[in-house]
Amino acid sequence: MNKECLRCKTRMKEVEQANAPSLVIENKENKNRSVLENRSGINIFVCPKCGYLEFIVKKPELFR
């Protein structure tokens with residue numbers, strides 16, 4: 001995926017988080033406890049010029 005930095009318009013590079021996979025989790029409340037319902041990995045991009053970071057959910061349709 002090609003991403004352009006929103007700040008300086010430089011082409012961003014896709015990177016990975018070290019030591020653990022990155023997840024986005026939707027937490028829905030139940031009467032007695034919290035239930036983790038929707039989970040998706042994320043793509044992480046960094047701008048090599050200004051350092052801006054962007055996180056994009058891999059499966060956005062899960063959160064509709």
# chains A, B, ... in the order shown; residues from 1 in each chain; ligands from 1
$ residues_around --residues "Asn2 (chain A)" --least-positions-apart "3" --cutoff "12 Å" --atoms "only C-alpha atoms" --output "NGL selection string"
:A and (5 or 9-14 or 43-47)
$ write_last_selection --atoms "C-alpha atoms" --output "compact mmCIF listing (two decimals), in the first residue's frame"
# COMPACT_ATOMS: atom_id res chain seq x y z
CA CYS A 5 2.45 11.73 4.50
CA LYS A 9 3.63 14.76 1.25
CA THR A 10 6.68 12.43 1.40
CA ARG A 11 6.14 8.75 0.56
CA MET A 12 5.73 6.80 3.82
CA LYS A 13 7.33 3.44 4.64
CA GLU A 14 5.41 0.52 6.13
CA ASN A 43 -0.71 -1.51 9.23
CA ILE A 44 1.79 1.05 10.54
CA PHE A 45 3.41 3.69 8.32
CA VAL A 46 6.19 6.16 9.19
CA CYS A 47 7.32 9.23 7.29
$ residues_around --residues "Glu61 (chain A)" --least-positions-apart "6" --cutoff "12 Å" --atoms "only C-alpha atoms" --output "VMD selection string"
chain A and resid 38 to 40
$ atom_distance --atom1 "CA of Arg64 (chain A)" --atom2 "CA of Gln17 (chain A)"
25.7 Å
$ closest_residue --among "A:Ile42, A:Phe63, A:Cys50, A:Val57" --to "Glu16 (chain A)" --atoms "only C-alpha atoms"
A:Ile42
